[in-house]
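*Asks:* Please find one structure pasted underneath; my questions will follow.
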Protein chains: 2
Amino acid sequence: MKDRIGFIGLGTMGKAMARNLIKAGYSVTVHSRSRGPVDELAADGAAVASSSAEAAASSDVVITMLPDSPDVELVVMGPAGVLEGARTGSVVVDMSTISPEVARSIYAAAREKGVSFLDAPVTGGETGAIGAALSIMVGGDRDAFERCLPVLKAMGKNVVYMGPSGNGQSTKLCNQVICALNILAVSEGLTLAARAGLDLESALSAVSGGSAGSWMLSNLGPKMIARDWRPGFKVSLQIKDLRLVMESAEELDLPLPGTALVRELLRSVEAHGRGSDGTQALVTAIELLAGMDKAGYSN
Amino acid sequence: MKDRIGFIGLGTMGKAMARNLIKAGYSVTVHSRSRGPVDELAADGAAVASSSAEAAASSDVVITMLPDSPDVELVVMGPAGVLEGARTGSVVVDMSTISPEVARSIYAAAREKGVSFLDAPVTGGETGAIGAALSIMVGGDRDAFERCLPVLKAMGKNVVYMGPSGNGQSTKLCNQVICALNILAVSEGLTLAARAGLDLESALSAVSGGSAGSWMLSNLGPKMIARDWRPGFKVSLQIKDLRLVMESAEELDLPLPGTALVRELLRSVEAHGRGSDGTQALVTAIELLAGMDKAGYSN
């Protein structure tokens, strides 16, 4: 018999992921703060719980998909939270991006109640969530991972076991470091191209296929050129993820000068009212440094 | 009838490129400071000239492939240089990576002698040079570009016309900006992974296929993990290219904080005696910042 799933947190990502579980034939009970997505999922066939504890009580696997560490702590360990309702032997899978440290503390709290906990953050954005094509990086006990693998595969393609609790989150933070610096690479490269008077589309096509090539160049480069700021991933969320990176790096006594620089530049982008723009708006920080906003290039 | 080619500068790249011209049926006259590669090319069927002027005198298209701006200035405009020998109506194609400014000054000097000049720097490294798979970014007059296109296509796959003189070099500098920051991305991401105790191969496979993906991650990531410092592209050459970037950016009043940071870190790598290592050695600069060299991780 298929695991019964509890799903808590129906933002852009969570909604699409819960939907894929329903499509894959799982019986899903949802809970979320905002009414709209709950009603949508109910229309798709989900049961609705009035609290996280209630969602957990009727589930074998409880998934959380929330903005930040404190949200997950509250929803899992707080009053009427997942661990109040969770049955012995069930598994809680947090797919949010949170601190590896916090993930490990939740793992310990869950364990005391006879509940397994996996940290299983994702990459791939809304498109990946909708298409069940997410990459999922998983930390926690291997037997819990094996047990949840079919559930995870209903939401993602590349599901990788990374070792003990927290390691999924640590992997996600490495991913965010690389993403952030790759966006800075495109931002500085294209601003230099613009300033040198190059045709930006030609420059992009000249460099994309070679050693400068990246997912960010192919996907965000054209958006920067088109001045299309619609978010695939929001500046404010990238800042939050890089805060987690820098906290983790500080704990590990690891200076990350490039990542720190990108974060400061993104904070400048946010300070200019662009926190809800996509991360391609990082290019405007470089333009601002160069006074190109005054020249009317930026908008 | 096929253009007769003069080829000046038979380093790792130049040697492979000249060879591909011979293979494509061009009659090639070579000139280079070091005897070894000249003899090799002669064995492949090239004629040998005793000066740049002499190589130019018997050629319709003269190609230079040299380390830096002063080398190209000397070889093209110096005594017994290309412009002393070049015939009216011939084309000089500089495929080195040099300053866009210097490229434009050579263009002007060539023009006075009735000679066309193209700046046509390449990417793709030794592998691309050997396999005639280089990307070639070309600046200069369009008619000279059209005329040289068959010659360029014997050495590269992606040949892009970028506009007036200097624009090929400017495009190459954008390429180098993106490459350099992508290497920093991999360096910081993998060092965080190592410090967090992750299995590096698993971390690489977890993040390579998603939005963190890049040519550098796929190609230099495994080398960093294997501590394989053999150069695809040398630290010292990357430092030189980023010097050209920063000079160009200064002229354009454009601050490039990320690129400047990478250059300083690469200078530290060079200061530690690793100038001849490949650019993947950038990871050792991050490890050094974290004291990981003392912990014996670095070697």
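So you can find residues: chains in the structure tokens are A, B, ... in the order shown, residues in each start at 1, and ligands are numbered from 1 in order.
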Just need the residues of chain B within 6 Å of chain A, counting only C-alpha atoms, so spit them out as JSON, numbers by chain.
*Replies:* {"B": [174, 175, 177, 178, 179, 181, 182, 185, 186, 189, 207, 211, 212, 213, 214, 215, 254, 290]}
*Asks:* Please extract the residues of segment 25-178 of chain B with a backbone DSSP assignment of strand (DSSP E) and present them as a PyMOL selection string.
*Replies:* chain B and resi 28-31+47-48+61-64+91-94+116-119+122-123+134-139+156-163
*Asks:* Show me, as a PyMOL selection string, the residues that have an atom within 8 Å of Gly89 of chain A when counting only C-alpha atoms, minus same-chain residues fewer than 6 positions from it.
*Replies:* chain A and resi 60+114-116
*Asks:* Output N, CA and C atoms for every residue in that selection, as a short mmCIF file (atom, residue, chain, number, x, y, z; two decimals), in the first residue's frame.
*Replies:*
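Okay, this is what ended up in again05.cif:
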data_model
loop_
_atom_site.label_atom_id
_atom_site.label_comp_id
_atom_site.auth_asym_id
_atom_site.auth_seq_id
_atom_site.Cartn_x
_atom_site.Cartn_y
_atom_site.Cartn_z
N ASP A 60 1.89 8.73 6.81
CA ASP A 60 3.11 7.94 7.01
C ASP A 60 4.36 8.79 6.73
N GLY A 114 10.54 8.91 18.19
CA GLY A 114 10.45 7.73 17.34
C GLY A 114 10.07 8.05 15.91
N VAL A 115 10.39 9.28 15.49
CA VAL A 115 10.06 9.72 14.13
C VAL A 115 11.37 9.99 13.37
N SER A 116 11.44 9.56 12.12
CA SER A 116 12.63 9.85 11.31
C SER A 116 12.51 11.23 10.68
#
*Asks:* Taking only segment 121-284 of chain B into account, list the residues labelled helix (DSSP H, G or I) by DSSP (computed from the backbone), as a PyMOL selection string.
*Replies:* chain B and resi 125-130+142-153+167-195+200-208+215-225+235-251+257-274+279-284
*Asks:* Hey, can you check how far atom CA of Ser32 of chain A sits from atom CA of Met1 of chain A?
*Replies:*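 Computing it gives 26.2 Å between the two atoms.
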*Asks:* Determine, counting only C-alpha atoms, which protein, DNA and RNA residues have an atom within 12 Å of an atom of Arg147 of chain B; residues of the same chain fewer than 5 positions away are not included. Present the result as a PDB file with N, CA, C and O atoms, in the first residue's frame.
*Replies:*
ATOM      1  N   LYS B   2      43.320  28.998 -53.320  1.00  0.00           N
ATOM      2  CA  LYS B   2      43.277  29.212 -51.870  1.00  0.00           C
ATOM      3  C   LYS B   2      44.283  30.267 -51.437  1.00  0.00           C
ATOM      4  O   LYS B   2      45.376  30.351 -51.980  1.00  0.00           O
ATOM      5  N   ASP B   3      43.867  31.054 -50.436  1.00  0.00           N
ATOM      6  CA  ASP B   3      44.789  32.023 -49.855  1.00  0.00           C
ATOM      7  C   ASP B   3      46.057  31.337 -49.363  1.00  0.00           C
ATOM      8  O   ASP B   3      46.002  30.242 -48.808  1.00  0.00           O
ATOM      9  N   ASP B  60      48.776  35.818 -48.366  1.00  0.00           N
ATOM     10  CA  ASP B  60      47.580  36.645 -48.550  1.00  0.00           C
ATOM     11  C   ASP B  60      46.933  36.955 -47.207  1.00  0.00           C
ATOM     12  O   ASP B  60      46.340  38.000 -47.011  1.00  0.00           O
ATOM     13  N   VAL B  61      47.028  35.971 -46.300  1.00  0.00           N
ATOM     14  CA  VAL B  61      46.484  36.137 -44.954  1.00  0.00           C
ATOM     15  C   VAL B  61      47.595  35.801 -43.957  1.00  0.00           C
ATOM     16  O   VAL B  61      48.198  34.724 -44.054  1.00  0.00           O
ATOM     17  N   GLY B  89      46.503  44.881 -49.778  1.00  0.00           N
ATOM     18  CA  GLY B  89      45.340  44.020 -50.009  1.00  0.00           C
ATOM     19  C   GLY B  89      45.348  42.751 -49.185  1.00  0.00           C
ATOM     20  O   GLY B  89      44.369  42.008 -49.184  1.00  0.00           O
ATOM     21  N   SER B  90      46.438  42.496 -48.492  1.00  0.00           N
ATOM     22  CA  SER B  90      46.447  41.294 -47.648  1.00  0.00           C
ATOM     23  C   SER B  90      45.743  41.591 -46.319  1.00  0.00           C
ATOM     24  O   SER B  90      45.419  42.728 -46.005  1.00  0.00           O
ATOM     25  N   VAL B  91      45.490  40.517 -45.559  1.00  0.00           N
ATOM     26  CA  VAL B  91      44.794  40.660 -44.274  1.00  0.00           C
ATOM     27  C   VAL B  91      45.663  40.076 -43.167  1.00  0.00           C
ATOM     28  O   VAL B  91      46.176  38.959 -43.297  1.00  0.00           O
ATOM     29  N   VAL B  92      45.829  40.825 -42.081  1.00  0.00           N
ATOM     30  CA  VAL B  92      46.496  40.310 -40.890  1.00  0.00           C
ATOM     31  C   VAL B  92      45.413  39.946 -39.877  1.00  0.00           C
ATOM     32  O   VAL B  92      44.524  40.761 -39.602  1.00  0.00           O
ATOM     33  N   VAL B  93      45.462  38.709 -39.395  1.00  0.00           N
ATOM     34  CA  VAL B  93      44.463  38.242 -38.431  1.00  0.00           C
ATOM     35  C   VAL B  93      45.176  37.899 -37.133  1.00  0.00           C
ATOM     36  O   VAL B  93      45.920  36.916 -37.058  1.00  0.00           O
ATOM     37  N   SER B 116      44.451  45.042 -44.313  1.00  0.00           N
ATOM     38  CA  SER B 116      43.332  44.890 -43.375  1.00  0.00           C
ATOM     39  C   SER B 116      43.804  44.194 -42.112  1.00  0.00           C
ATOM     40  O   SER B 116      44.744  43.395 -42.139  1.00  0.00           O
ATOM     41  N   PHE B 117      43.149  44.505 -41.007  1.00  0.00           N
ATOM     42  CA  PHE B 117      43.505  43.853 -39.747  1.00  0.00           C
ATOM     43  C   PHE B 117      42.248  43.388 -39.027  1.00  0.00           C
ATOM     44  O   PHE B 117      41.306  44.159 -38.841  1.00  0.00           O
ATOM     45  N   LEU B 118      42.226  42.115 -38.640  1.00  0.00           N
ATOM     46  CA  LEU B 118      41.118  41.570 -37.844  1.00  0.00           C
ATOM     47  C   LEU B 118      41.653  41.160 -36.474  1.00  0.00           C
ATOM     48  O   LEU B 118      42.733  40.579 -36.377  1.00  0.00           O
ATOM     49  N   GLY B 140      36.596  43.941 -36.732  1.00  0.00           N
ATOM     50  CA  GLY B 140      37.285  44.505 -37.891  1.00  0.00           C
ATOM     51  C   GLY B 140      36.293  44.743 -39.023  1.00  0.00           C
ATOM     52  O   GLY B 140      35.077  44.648 -38.812  1.00  0.00           O
ATOM     53  N   ASP B 141      36.809  45.053 -40.209  1.00  0.00           N
ATOM     54  CA  ASP B 141      35.909  45.327 -41.336  1.00  0.00           C
ATOM     55  C   ASP B 141      35.226  44.049 -41.801  1.00  0.00           C
ATOM     56  O   ASP B 141      35.842  42.988 -41.886  1.00  0.00           O
ATOM     57  N   ARG B 142      33.941  44.200 -42.134  1.00  0.00           N
ATOM     58  CA  ARG B 142      33.175  42.999 -42.468  1.00  0.00           C
ATOM     59  C   ARG B 142      33.693  42.314 -43.738  1.00  0.00           C
ATOM     60  O   ARG B 142      33.706  41.083 -43.824  1.00  0.00           O
ATOM     61  N   LEU B 152      39.269  30.875 -41.181  1.00  0.00           N
ATOM     62  CA  LEU B 152      38.918  30.758 -39.762  1.00  0.00           C
ATOM     63  C   LEU B 152      38.170  29.451 -39.506  1.00  0.00           C
ATOM     64  O   LEU B 152      38.365  28.801 -38.479  1.00  0.00           O
ATOM     65  N   LYS B 153      37.328  29.065 -40.452  1.00  0.00           N
ATOM     66  CA  LYS B 153      36.532  27.837 -40.273  1.00  0.00           C
ATOM     67  C   LYS B 153      37.380  26.575 -40.333  1.00  0.00           C
ATOM     68  O   LYS B 153      36.939  25.499 -39.921  1.00  0.00           O
TER      69      LYS B 153
END
